[in-house]
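Colleague: This one is structure.cif, mmCIF, C-alpha atoms.
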data_work
loop_
_atom_site.label_atom_id
_atom_site.label_comp_id
_atom_site.auth_asym_id
_atom_site.auth_seq_id
_atom_site.Cartn_x
_atom_site.Cartn_y
_atom_site.Cartn_z
CA MET A 4 -15.51 29.54 12.62
CA THR A 5 -17.53 28.56 9.56
CA ALA A 6 -15.78 26.37 7.04
CA THR A 7 -15.94 27.22 3.36
CA ARG A 8 -18.63 25.07 1.76
CA ILE A 9 -16.75 23.58 -1.14
CA GLN A 10 -16.62 19.96 -2.13
CA VAL A 11 -13.38 18.09 -1.45
CA PRO A 12 -13.48 14.41 -2.42
CA LEU A 13 -11.12 11.98 -0.72
CA LEU A 14 -9.58 11.36 -4.14
CA ASP A 15 -10.22 13.06 -7.48
CA LEU A 16 -9.08 10.79 -10.29
CA LYS A 17 -10.92 12.92 -12.86
CA ALA A 18 -8.65 15.85 -12.02
CA GLN A 19 -5.60 13.65 -12.60
CA TYR A 20 -6.95 12.25 -15.87
CA ALA A 21 -7.67 15.72 -17.20
CA THR A 22 -3.91 16.40 -17.17
CA LEU A 23 -3.05 13.08 -18.84
CA ARG A 24 -5.80 12.54 -21.40
CA ASP A 25 -3.66 13.56 -24.37
CA GLU A 26 -0.90 11.15 -23.29
CA ILE A 27 -3.08 8.18 -22.39
CA ARG A 28 -5.53 8.07 -25.27
CA PRO A 29 -2.92 7.48 -28.02
CA VAL A 30 -1.45 4.58 -26.02
CA VAL A 31 -4.88 3.00 -25.54
CA ASP A 32 -5.66 3.48 -29.24
CA GLU A 33 -2.33 1.89 -30.17
CA ILE A 34 -3.09 -1.19 -28.07
CA PHE A 35 -6.55 -1.55 -29.58
CA GLU A 36 -5.16 -1.19 -33.10
CA SER A 37 -2.57 -3.87 -32.37
CA GLN A 38 -5.10 -6.10 -30.53
CA TRP A 39 -2.16 -7.26 -28.37
CA PHE A 40 -3.92 -7.40 -25.01
CA ILE A 41 -1.97 -10.19 -23.27
CA GLY A 42 1.74 -9.72 -22.70
CA GLY A 43 3.57 -7.74 -25.33
CA PRO A 44 5.83 -4.68 -25.38
CA HIS A 45 3.88 -2.58 -22.88
CA VAL A 46 3.95 -5.27 -20.20
CA GLY A 47 7.65 -5.90 -20.75
CA GLY A 48 8.36 -2.19 -20.90
CA LEU A 49 6.54 -1.49 -17.65
CA GLU A 50 8.38 -4.32 -15.92
CA GLU A 51 11.75 -2.86 -16.97
CA GLU A 52 10.73 0.66 -15.96
CA VAL A 53 9.35 -0.30 -12.55
CA ALA A 54 12.41 -2.43 -11.78
CA ALA A 55 14.65 0.52 -12.64
CA TYR A 56 12.48 2.92 -10.67
CA VAL A 57 12.62 0.93 -7.42
CA GLY A 58 16.20 -0.25 -7.88
CA ALA A 59 15.51 -3.96 -8.33
CA LYS A 60 16.92 -6.27 -10.98
CA HIS A 61 13.65 -7.92 -12.00
CA ALA A 62 9.92 -7.15 -12.10
CA VAL A 63 6.97 -9.41 -12.91
CA GLY A 64 3.64 -7.84 -13.84
CA VAL A 65 0.55 -9.51 -12.36
CA THR A 66 -3.21 -9.07 -12.15
CA SER A 67 -3.38 -7.25 -8.81
CA GLY A 68 -1.56 -6.47 -5.61
CA THR A 69 -3.43 -9.34 -3.97
CA ASP A 70 -2.21 -11.79 -6.60
CA ALA A 71 1.30 -10.37 -6.24
CA LEU A 72 1.23 -11.41 -2.59
CA LEU A 73 -0.31 -14.80 -3.32
CA LEU A 74 2.05 -15.66 -6.17
CA SER A 75 5.14 -14.48 -4.27
CA MET A 76 4.41 -16.63 -1.24
CA TRP A 77 3.41 -19.59 -3.41
CA ALA A 78 6.66 -19.32 -5.40
CA LEU A 79 8.68 -19.03 -2.19
CA GLY A 80 7.26 -22.36 -1.07
CA VAL A 81 5.02 -21.19 1.76
CA GLU A 82 2.85 -24.17 2.72
CA PRO A 83 0.13 -25.11 5.22
CA GLY A 84 1.69 -25.30 8.67
CA ASP A 85 4.24 -22.59 7.95
CA GLU A 86 4.08 -19.30 9.84
CA VAL A 87 4.45 -15.86 8.26
CA ILE A 88 5.10 -12.85 10.47
CA THR A 89 3.09 -9.76 9.57
CA SER A 90 1.00 -6.91 10.95
CA PRO A 91 -2.69 -7.22 11.88
CA TYR A 92 -3.20 -3.55 10.95
CA THR A 93 -3.29 -3.68 7.16
CA PHE A 94 -5.65 -4.14 4.24
CA PHE A 95 -7.28 -7.57 4.19
CA ALA A 96 -5.30 -8.81 1.17
CA THR A 97 -2.07 -9.10 3.18
CA VAL A 98 -3.57 -11.68 5.50
CA GLY A 99 -6.20 -13.09 3.16
CA SER A 100 -3.47 -14.24 0.77
CA MET A 101 -1.81 -16.13 3.58
CA ALA A 102 -5.07 -17.77 4.58
CA ARG A 103 -5.60 -18.97 1.00
CA LEU A 104 -2.29 -20.84 1.26
CA GLY A 105 -3.26 -22.45 4.55
CA VAL A 106 -0.99 -20.25 6.64
CA VAL A 107 -1.93 -18.94 10.07
CA PRO A 108 -0.10 -15.61 10.32
CA ARG A 109 2.01 -14.83 13.34
CA PHE A 110 0.96 -11.26 14.09
CA VAL A 111 3.17 -8.57 15.57
CA ASP A 112 1.66 -5.31 16.80
CA ILE A 113 2.41 -1.94 15.21
CA ASP A 114 4.51 1.02 16.23
CA PRO A 115 1.85 3.61 17.16
CA THR A 116 3.76 6.48 15.58
CA THR A 117 4.32 4.98 12.11
CA TYR A 118 1.55 2.30 11.99
CA ASN A 119 4.19 -0.09 10.65
CA LEU A 120 5.23 -3.40 12.14
CA ASP A 121 7.08 -2.94 15.45
CA VAL A 122 10.38 -4.55 14.50
CA ASN A 123 11.42 -4.76 18.15
CA GLN A 124 8.74 -7.40 18.75
CA VAL A 125 9.55 -9.69 15.84
CA ALA A 126 12.37 -11.79 17.32
CA ALA A 127 10.17 -12.87 20.22
CA VAL A 128 7.63 -14.60 17.95
CA MET A 129 10.06 -16.34 15.57
CA ASN A 130 10.31 -20.12 15.81
CA ASP A 131 11.15 -23.14 13.68
CA LYS A 132 7.84 -22.78 11.80
CA THR A 133 8.60 -19.24 10.64
CA LYS A 134 8.95 -19.30 6.85
CA LEU A 135 8.77 -15.62 6.00
CA ILE A 136 8.67 -12.11 7.46
CA ALA A 137 6.16 -9.99 5.53
CA PRO A 138 6.02 -6.39 6.78
CA VAL A 139 3.67 -3.78 5.30
CA HIS A 140 4.95 -0.33 4.31
CA LEU A 141 1.69 1.22 5.42
CA TYR A 142 0.34 4.54 4.16
CA GLY A 143 3.50 5.25 2.14
CA GLN A 144 6.35 4.94 4.66
CA CYS A 145 8.97 2.20 4.81
CA VAL A 146 9.41 -0.31 7.61
CA ASP A 147 12.92 -0.68 9.09
CA MET A 148 13.95 -3.41 6.67
CA ASP A 149 17.59 -3.48 7.78
CA ALA A 150 16.55 -4.88 11.15
CA LEU A 151 14.08 -7.36 9.63
CA ASN A 152 16.54 -8.56 6.99
CA LYS A 153 19.12 -9.28 9.68
CA LEU A 154 16.61 -11.36 11.65
CA ALA A 155 15.60 -13.20 8.49
CA CYS A 156 19.19 -13.81 7.39
CA ASP A 157 20.12 -15.20 10.80
CA ALA A 158 17.13 -17.57 10.60
CA GLY A 159 17.74 -18.57 6.97
CA ILE A 160 14.37 -17.25 5.77
CA SER A 161 13.18 -14.54 3.39
CA THR A 162 11.51 -11.14 3.72
CA LEU A 163 8.57 -10.02 1.61
CA GLU A 164 7.70 -6.32 1.39
CA ASP A 165 4.00 -5.56 1.08
CA ALA A 166 4.68 -2.30 -0.72
CA ALA A 167 1.17 -1.87 -2.15
CA GLN A 168 0.95 1.67 -0.74
CA ALA A 169 4.61 2.62 -0.97
CA ILE A 170 6.02 2.80 -4.49
CA GLY A 171 8.68 5.53 -4.40
CA SER A 172 9.04 5.67 -0.62
CA ARG A 173 12.59 5.56 0.73
CA THR A 174 14.41 4.63 3.90
CA PRO A 175 16.80 7.04 5.66
CA SER A 176 19.69 5.24 3.95
CA GLY A 177 18.13 5.90 0.53
CA GLY A 178 16.84 2.43 -0.32
CA LYS A 179 13.51 2.34 -2.12
CA ALA A 180 10.52 0.20 -1.27
CA GLY A 181 10.65 -2.74 -3.63
CA SER A 182 14.40 -3.27 -3.38
CA LEU A 183 14.71 -3.81 0.37
CA GLY A 184 13.66 -7.45 0.79
CA HIS A 185 13.94 -10.73 -1.06
CA VAL A 186 10.71 -9.96 -2.89
CA ALA A 187 8.25 -7.05 -2.92
CA CYS A 188 4.63 -6.64 -3.99
CA PHE A 189 2.93 -3.56 -5.44
CA SER A 190 -0.67 -2.72 -6.22
CA PHE A 191 -1.83 -0.49 -9.06
CA PHE A 192 -5.40 -0.19 -7.81
CA PRO A 193 -6.73 3.15 -9.14
CA SER A 194 -6.54 4.91 -5.75
CA LYS A 195 -2.81 4.23 -5.32
CA ASN A 196 -0.21 6.93 -6.02
CA LEU A 197 0.53 4.97 -9.19
CA GLY A 198 -2.91 3.69 -10.12
CA GLY A 199 -4.12 2.01 -13.28
CA ALA A 200 -7.47 2.04 -15.07
CA GLY A 201 -8.48 -1.06 -13.15
CA ASP A 202 -6.64 -3.76 -11.24
CA GLY A 203 -2.96 -4.50 -11.67
CA GLY A 204 0.12 -5.39 -9.65
CA MET A 205 3.86 -5.95 -9.80
CA ILE A 206 6.43 -8.12 -8.04
CA THR A 207 10.06 -7.00 -7.81
CA THR A 208 13.10 -8.99 -6.73
CA ASN A 209 16.85 -9.27 -7.22
CA ASP A 210 16.56 -13.07 -7.44
CA GLY A 211 16.61 -14.00 -11.12
CA ASP A 212 15.56 -17.62 -10.56
CA LEU A 213 12.58 -16.53 -8.45
CA ALA A 214 11.56 -13.92 -11.03
CA HIS A 215 11.63 -16.52 -13.79
CA LYS A 216 9.63 -18.98 -11.69
CA MET A 217 6.96 -16.38 -10.98
CA SER A 218 6.78 -15.30 -14.63
CA VAL A 219 6.05 -18.92 -15.56
CA MET A 220 3.61 -19.51 -12.70
CA ARG A 221 1.59 -16.39 -13.60
CA ASN A 222 0.76 -18.06 -16.92
CA HIS A 223 -0.50 -21.41 -15.64
CA GLY A 224 3.05 -22.72 -15.21
CA MET A 225 3.49 -23.07 -18.99
CA GLU A 226 6.97 -23.20 -20.49
CA PRO A 227 6.67 -23.54 -23.48
CA LYS A 228 2.98 -23.16 -24.34
CA TYR A 229 0.86 -26.13 -23.26
CA TYR A 230 3.80 -27.73 -21.44
CA HIS A 231 3.45 -27.33 -17.70
CA LYS A 232 6.58 -27.82 -15.61
CA MET A 233 4.83 -26.53 -12.50
CA ASN A 234 1.39 -25.50 -11.34
CA GLY A 235 0.35 -21.89 -11.59
CA GLY A 236 -2.59 -19.66 -12.37
CA ASN A 237 -3.81 -16.80 -14.52
CA PHE A 238 -2.01 -13.88 -12.90
CA ARG A 239 -1.11 -11.93 -16.06
CA LEU A 240 -1.06 -8.13 -16.15
CA ASP A 241 -3.22 -6.72 -18.97
CA ALA A 242 -1.42 -4.80 -21.70
CA LEU A 243 -3.98 -1.99 -21.39
CA GLN A 244 -3.12 -1.52 -17.73
CA ALA A 245 0.59 -1.63 -18.50
CA GLY A 246 0.25 1.00 -21.20
CA VAL A 247 -1.65 3.39 -18.93
CA LEU A 248 0.79 2.82 -16.08
CA ARG A 249 3.81 3.54 -18.28
CA VAL A 250 2.37 6.98 -18.97
CA LYS A 251 1.63 7.62 -15.31
CA LEU A 252 5.00 6.39 -14.06
CA LYS A 253 6.67 9.35 -15.77
CA HIS A 254 4.68 11.70 -13.50
CA LEU A 255 4.96 9.74 -10.28
CA ASP A 256 7.80 11.66 -8.63
CA ALA A 257 6.04 14.97 -9.29
CA TRP A 258 2.86 13.57 -7.75
CA HIS A 259 4.80 12.44 -4.69
CA GLU A 260 6.16 15.95 -4.28
CA GLY A 261 2.64 17.33 -4.61
CA ARG A 262 1.41 15.04 -1.85
CA ARG A 263 4.36 15.96 0.36
CA LYS A 264 3.68 19.67 -0.18
CA ASN A 265 0.05 19.11 0.77
CA ALA A 266 1.16 17.27 3.90
CA ALA A 267 3.38 20.20 4.86
CA ASP A 268 0.51 22.60 4.22
CA TYR A 269 -1.77 20.53 6.43
CA ARG A 270 0.78 20.60 9.24
CA ARG A 271 0.88 24.39 9.05
CA LEU A 272 -2.91 24.73 8.84
CA PHE A 273 -3.58 22.40 11.79
CA ALA A 274 -1.03 24.35 13.84
CA ASP A 275 -2.45 27.72 12.78
CA ARG A 276 -5.96 26.60 13.79
CA GLY A 277 -4.71 25.48 17.20
CA LEU A 278 -5.75 21.88 16.63
CA LEU A 279 -2.58 20.01 17.57
CA ASP A 280 -3.92 19.26 21.04
CA GLN A 281 -6.90 17.46 19.46
CA VAL A 282 -5.43 16.00 16.27
CA THR A 283 -2.31 13.82 15.96
CA LEU A 284 -0.68 14.22 12.57
CA PRO A 285 1.37 11.59 10.67
CA HIS A 286 4.90 10.95 11.88
CA GLU A 287 7.70 11.10 9.31
CA ILE A 288 10.80 9.04 10.02
CA ASP A 289 13.87 11.29 10.08
CA GLY A 290 15.67 11.09 6.76
CA GLY A 291 13.01 8.90 5.16
CA TYR A 292 10.76 9.77 2.23
CA HIS A 293 7.04 9.42 2.96
CA ILE A 294 4.89 9.38 -0.20
CA TYR A 295 1.56 9.87 1.63
CA ASN A 296 -0.58 7.28 -0.07
CA GLN A 297 -2.86 8.35 2.77
CA PHE A 298 -2.69 11.28 5.20
CA ILE A 299 -3.80 9.70 8.48
CA ILE A 300 -4.84 11.72 11.51
CA ARG A 301 -5.78 10.52 15.00
CA VAL A 302 -8.51 11.97 17.19
CA ASP A 303 -10.31 11.04 20.39
CA PRO A 304 -11.99 7.68 19.66
CA ALA A 305 -15.30 9.03 21.00
CA LYS A 306 -15.14 11.73 18.34
CA ARG A 307 -13.74 9.80 15.38
CA ASP A 308 -16.93 8.36 13.90
CA PRO A 309 -19.02 11.52 14.53
CA LEU A 310 -16.23 13.56 12.90
CA VAL A 311 -16.23 11.35 9.82
CA LYS A 312 -19.99 11.76 9.54
CA TYR A 313 -19.67 15.53 9.98
CA LEU A 314 -17.08 15.70 7.20
CA HIS A 315 -19.26 13.65 4.86
CA ASP A 316 -22.28 15.80 5.68
CA HIS A 317 -20.25 18.85 4.71
CA SER A 318 -18.89 17.44 1.42
CA ILE A 319 -15.41 16.65 2.72
CA GLY A 320 -13.98 13.24 1.87
CA ALA A 321 -12.79 11.05 4.74
CA GLU A 322 -12.24 7.33 5.16
CA ILE A 323 -11.41 4.94 7.99
CA TYR A 324 -8.40 2.71 7.22
CA TYR A 325 -9.01 0.21 8.86
CA PRO A 326 -11.95 -0.09 11.27
CA VAL A 327 -11.34 -3.76 12.16
CA PRO A 328 -7.78 -5.15 12.40
CA CYS A 329 -7.24 -8.46 10.63
CA HIS A 330 -6.95 -10.51 13.83
CA LEU A 331 -10.53 -9.52 14.72
CA GLN A 332 -12.12 -10.13 11.32
CA GLU A 333 -15.01 -12.58 11.53
CA CYS A 334 -13.67 -14.88 8.81
CA PHE A 335 -10.49 -15.44 10.84
CA SER A 336 -12.23 -16.18 14.14
CA GLU A 337 -11.04 -19.80 14.04
CA TRP A 338 -7.51 -18.55 14.72
CA GLY A 339 -8.57 -17.66 18.24
CA TYR A 340 -7.40 -14.05 18.46
CA LYS A 341 -9.34 -11.72 20.74
CA VAL A 342 -9.73 -8.06 21.62
CA GLY A 343 -6.67 -6.90 23.52
CA ASP A 344 -4.16 -9.15 21.75
CA PHE A 345 -2.67 -6.29 19.71
CA PRO A 346 -3.63 -3.10 21.53
CA GLU A 347 -1.83 -0.58 19.32
CA SER A 348 -3.49 -1.94 16.20
CA GLU A 349 -6.85 -1.85 17.95
CA ARG A 350 -6.32 1.74 19.14
CA ALA A 351 -5.38 2.85 15.64
CA ALA A 352 -8.53 1.21 14.28
CA LEU A 353 -10.63 3.28 16.70
CA GLN A 354 -8.82 6.62 16.41
CA THR A 355 -7.63 7.16 12.84
CA LEU A 356 -9.12 8.60 9.68
CA ALA A 357 -7.75 9.63 6.31
CA ILE A 358 -8.31 13.04 4.75
CA PRO A 359 -7.72 14.16 1.13
CA ILE A 360 -4.05 14.37 0.12
CA TYR A 361 -4.05 13.94 -3.69
CA PRO A 362 -1.66 16.31 -5.50
CA GLU A 363 -4.35 18.27 -7.36
CA LEU A 364 -5.78 19.72 -4.13
CA THR A 365 -6.04 23.51 -4.16
CA ASP A 366 -5.12 25.75 -1.24
CA GLU A 367 -8.80 26.57 -0.83
CA GLN A 368 -9.67 22.89 -0.58
CA LYS A 369 -6.99 22.19 2.02
CA GLU A 370 -8.21 25.11 4.11
CA ALA A 371 -11.78 23.85 3.81
CA VAL A 372 -10.72 20.39 5.03
CA VAL A 373 -8.96 21.72 8.13
CA ASP A 374 -11.64 24.32 8.88
CA THR A 375 -14.37 21.70 8.65
CA ILE A 376 -12.43 19.39 10.97
CA ALA A 377 -12.08 22.24 13.46
CA GLU A 378 -15.78 23.01 13.19
CA GLY A 379 -16.71 19.35 13.50
CA LEU A 380 -14.57 18.73 16.58
CA SER A 381 -15.99 21.80 18.32
CA SER A 382 -19.56 20.69 17.60
CA ILE A 383 -19.14 17.13 18.95
CA SER A 384 -19.88 16.91 22.66
#
Translate this structure into structure tokens?
Modeller:
Amino acid sequence: MTATRIQVPLLDLKAQYATLRDEIRPVVDEIFESQWFIGGPHVGGLEEEVAAYVGAKHAVGVTSGTDALLLSMWALGVEPGDEVITSPYTFFATVGSMARLGVVPRFVDIDPTTYNLDVNQVAAVMNDKTKLIAPVHLYGQCVDMDALNKLACDAGISTLEDAAQAIGSRTPSGGKAGSLGHVACFSFFPSKNLGGAGDGGMITTNDGDLAHKMSVMRNHGMEPKYYHKMNGGNFRLDALQAGVLRVKLKHLDAWHEGRRKNAADYRRLFADRGLLDQVTLPHEIDGGYHIYNQFIIRVDPAKRDPLVKYLHDHSIGAEIYYPVPCHLQECFSEWGYKVGDFPESERAALQTLAIPIYPELTDEQKEAVVDTIAEGLSSIS
């Protein structure tokens, strides 16, 4: 089999922008004409629209998904010596934000089928130092928040959803990421399903007092101007980002459906090519709604890195999320974790890769991706 030699990037933001240029440019021009770059109607409007979209009462726009995590934990009173339960298999920001607050995370391994926190292991690591449970809705699929919320409620602590990759995802009961815990954090990094023209983030919550506190803290703790009732920082969402995101939010559900169609097409193509004995495809929770921020496949660990190289050599986008789990990152070596502590996370780091899933993919491109994977696997000894 010889794969079609067409280029398929991992993500094609130019293709998305081509469909939105006539909507985005007038908004950008309006903001420049007004010169209202900090705060203003677009930031407030986006906050209202995101809150409504996820089913939360309040939303607070911030500079990035990383700062959303940092500000949320800071506002919740997480302090040095506290423990926060989370997954070691996640983007660095989840754990890096905790480290910046002096917290040593209490890691729980992942469920190998969903890559999300294994909720069945959480109770065993809770103790009187546990301040927060902070699961990650990884790759666009929700964690079982009902189980985690019960554990947290019984212990008198809060839950924080790291929903950076999951805006629009739903649980089998219909709850949306961002409305399932005490507080939730989103990223609008350009590669996300809802991505800005730079960095941006959002925090959602049903707690009005917490939302107000975070809205003050994001602006150096000022209320009113130059009067500081609390400490804070510069965590403000730019009006330009908010304006662009308001345009994109209107298209988000259609983009989700495009990604889900592509995922279904991939499942058919991998089956048609007889690859299901060599490639493990993403697992969808029954009744849930996976938004496929990434389409993650698993292969023999001896073949994973050569396959990624083969795909790159043949103009097919592929990426490894994440090659080193957080507990094994060099900058966290002082915590004393070692290889073997979280075996499912470590296996996922050695076996997984992401392939293109963006909604603008053509049928020809999807076929080229799968055919090149088949060709690559057969060529690797």
Colleague: On this structure, which residues satisfy the PyMOL selection byres ((chain A and resi 91) around 8), written as a list in words?
Modeller: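 Matching residues under the PyMOL selection byres ((chain A and resi 91) around 8) are Thr89, Ser90, Tyr92, Thr93, Val98, Phe110, Val111, Asp112, Pro328, Cys329, His330, Phe345 and Ser348 of chain A.
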Colleague: For this structure, which residues satisfy the selection - the PyMOL selection byres ((chain A and resi 283-288) around 7) - when it is evaluated on the file as given? I want them as a CSV table (one decimal) with C-alpha atoms, in the coordinates of the input.
Modeller:
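After the write, result-v2.csv holds the following:
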chain,number,residue,atom,x,y,z
A,116,THR,CA,3.8,6.5,15.6
A,117,THR,CA,4.3,5.0,12.1
A,279,LEU,CA,-2.6,20.0,17.6
A,281,GLN,CA,-6.9,17.5,19.5
A,282,VAL,CA,-5.4,16.0,16.3
A,289,ASP,CA,13.9,11.3,10.1
A,290,GLY,CA,15.7,11.1,6.8
A,291,GLY,CA,13.0,8.9,5.2
A,293,HIS,CA,7.0,9.4,3.0
A,298,PHE,CA,-2.7,11.3,5.2
A,299,ILE,CA,-3.8,9.7,8.5
A,300,ILE,CA,-4.8,11.7,11.5
A,301,ARG,CA,-5.8,10.5,15.0
A,302,VAL,CA,-8.5,12.0,17.2
Colleague: Rank A:Phe192, A:Phe95, A:Trp77, A:Tyr295 by their smallest atom-to-atom distance to A:Glu333, using all atoms listed in the file, and report the top residue only.
Modeller: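 Result for the nearest residue to A:Glu333: A:Phe95.
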Colleague: Using all atoms listed in the file, can you tell me which of A:Ala352, A:Asp275, A:Phe335, A:Ala96 comes closest to A:Glu322?
Modeller: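 Checking each of A:Ala352, A:Asp275, A:Phe335, A:Ala96 against A:Glu322, counting all atoms listed in the file, the winner is A:Ala352.
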Colleague: Taking all atoms of stretch 28-45 of chain A that the file lists, what box with edges along x, y and z, padded by 3 Å per side, do you get, with centre and edge lengths in Å to one decimal, as AutoDock Vina command-line options?
Modeller:
--center_x -0.4 --center_y -1.1 --center_z -27.9 --size_x 18.4 --size_y 24.3 --size_z 16.4
Colleague: What would the selection look like, as a ChimeraX atom specification, if the PyMOL selection byres ((chain A and resi 147) around 9) were run on the coordinates I just shared?
Modeller: /A:119-122,145-146,148-152,174
Colleague: Save out the residues we just selected, C-alpha atoms, as an mmCIF file, in the coordinates of the input.
Modeller:
data_model
loop_
_atom_site.group_PDB
_atom_site.id
_atom_site.type_symbol
_atom_site.label_atom_id
_atom_site.label_comp_id
_atom_site.auth_asym_id
_atom_site.auth_seq_id
_atom_site.Cartn_x
_atom_site.Cartn_y
_atom_site.Cartn_z
ATOM 1 C CA ASN A 119 4.190 -0.090 10.650
ATOM 2 C CA LEU A 120 5.230 -3.400 12.140
ATOM 3 C CA ASP A 121 7.080 -2.940 15.450
ATOM 4 C CA VAL A 122 10.380 -4.550 14.500
ATOM 5 C CA CYS A 145 8.970 2.200 4.810
ATOM 6 C CA VAL A 146 9.410 -0.310 7.610
ATOM 7 C CA MET A 148 13.950 -3.410 6.670
ATOM 8 C CA ASP A 149 17.590 -3.480 7.780
ATOM 9 C CA ALA A 150 16.550 -4.880 11.150
ATOM 10 C CA LEU A 151 14.080 -7.360 9.630
ATOM 11 C CA ASN A 152 16.540 -8.560 6.990
ATOM 12 C CA THR A 174 14.410 4.630 3.900
#
Colleague: Work out how far apart atom CA of A:Tyr292 and atom CA of A:Arg249 are and give it in Å to one decimal.
Modeller: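 One can read the atom CA of A:Tyr292 to atom CA of A:Arg249 distance as 22.5 Å.
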Colleague: Have a look at A:Pro359, A:Gly246, A:Pro175, A:Gly235 and name the one nearest to A:Ala266; count all atoms listed in the file.
Modeller: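 Nearest to A:Ala266: A:Pro359.
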Colleague: For atom CA of A:Ser100 and atom CA of A:Arg173, quote the distance in Å rounded to one decimal.
Modeller: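 The value is 25.5 Å.
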Colleague: Pick out the closest residue to A:Leu248 from this set: A:Leu197, A:Ala62, A:Val139, A:Ile9. Count all atoms listed in the file.
Modeller: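 Ranking A:Leu197, A:Ala62, A:Val139, A:Ile9 by distance to A:Leu248, first place goes to A:Leu197.
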Colleague: Just the residues within 8 Å of A:Gly379, please, counting only C-alpha atoms, with nothing from its chain fewer than 2 positions along; format it as number ranges by chain.
Modeller: A: 310, 313-314, 375-377, 381-383
Colleague: May I have the residues within 9 Å of A:Leu79 as a list in words, using only C-alpha atoms and disregarding those fewer than 3 positions away in the same chain?
Modeller: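 In the requested form, the answer reads Leu74, Ser75, Met76, Leu135, Ser161 and Leu213 of chain A.
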Colleague: What is the atom CA of A:His140 to atom CA of A:Ala166 distance in Å?
Modeller: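 Straight-line distance from atom CA of A:His140 to atom CA of A:Ala166 works out to 5.4 Å.
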Colleague: Smallest atom-to-atom distance to A:Val65: which of A:Val53, A:Met217, A:Ala351, A:Val107, using all atoms listed in the file?
Modeller: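 Once distances to A:Val65 are computed over all atoms listed in the file, the minimum belongs to A:Met217.
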Colleague: May I ask you to restore N, CA and C atoms in stretch 77-90 of chain A and write the result as a compact mmCIF listing (two decimals), in the frame of the given file?
Modeller:
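File produced: out_18.txt:
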# COMPACT_ATOMS: atom_id res chain seq x y z
N TRP A 77 3.51 -18.27 -2.78
CA TRP A 77 3.41 -19.59 -3.41
C TRP A 77 4.76 -19.97 -4.02
N ALA A 78 5.37 -19.04 -4.76
CA ALA A 78 6.66 -19.32 -5.40
C ALA A 78 7.78 -19.52 -4.39
N LEU A 79 7.68 -18.86 -3.24
CA LEU A 79 8.68 -19.03 -2.19
C LEU A 79 8.50 -20.32 -1.40
N GLY A 80 7.45 -21.06 -1.71
CA GLY A 80 7.26 -22.36 -1.07
C GLY A 80 6.54 -22.32 0.26
N VAL A 81 5.79 -21.25 0.52
CA VAL A 81 5.02 -21.19 1.76
C VAL A 81 3.90 -22.23 1.69
N GLU A 82 3.79 -23.05 2.72
CA GLU A 82 2.85 -24.17 2.72
C GLU A 82 2.02 -24.18 4.00
N PRO A 83 0.91 -24.95 3.99
CA PRO A 83 0.13 -25.11 5.22
C PRO A 83 1.02 -25.59 6.36
N GLY A 84 0.86 -24.98 7.51
CA GLY A 84 1.69 -25.30 8.67
C GLY A 84 2.83 -24.33 8.88
N ASP A 85 3.22 -23.62 7.81
CA ASP A 85 4.24 -22.59 7.95
C ASP A 85 3.64 -21.37 8.65
N GLU A 86 4.50 -20.55 9.23
CA GLU A 86 4.08 -19.30 9.84
C GLU A 86 4.73 -18.13 9.10
N VAL A 87 3.95 -17.09 8.88
CA VAL A 87 4.45 -15.86 8.26
C VAL A 87 4.19 -14.71 9.22
N ILE A 88 5.22 -13.97 9.53
CA ILE A 88 5.10 -12.85 10.47
C ILE A 88 4.65 -11.61 9.71
N THR A 89 3.60 -10.97 10.20
CA THR A 89 3.09 -9.76 9.57
C THR A 89 2.33 -8.93 10.58
N SER A 90 1.75 -7.85 10.11
CA SER A 90 1.00 -6.91 10.95
C SER A 90 -0.50 -7.20 10.86
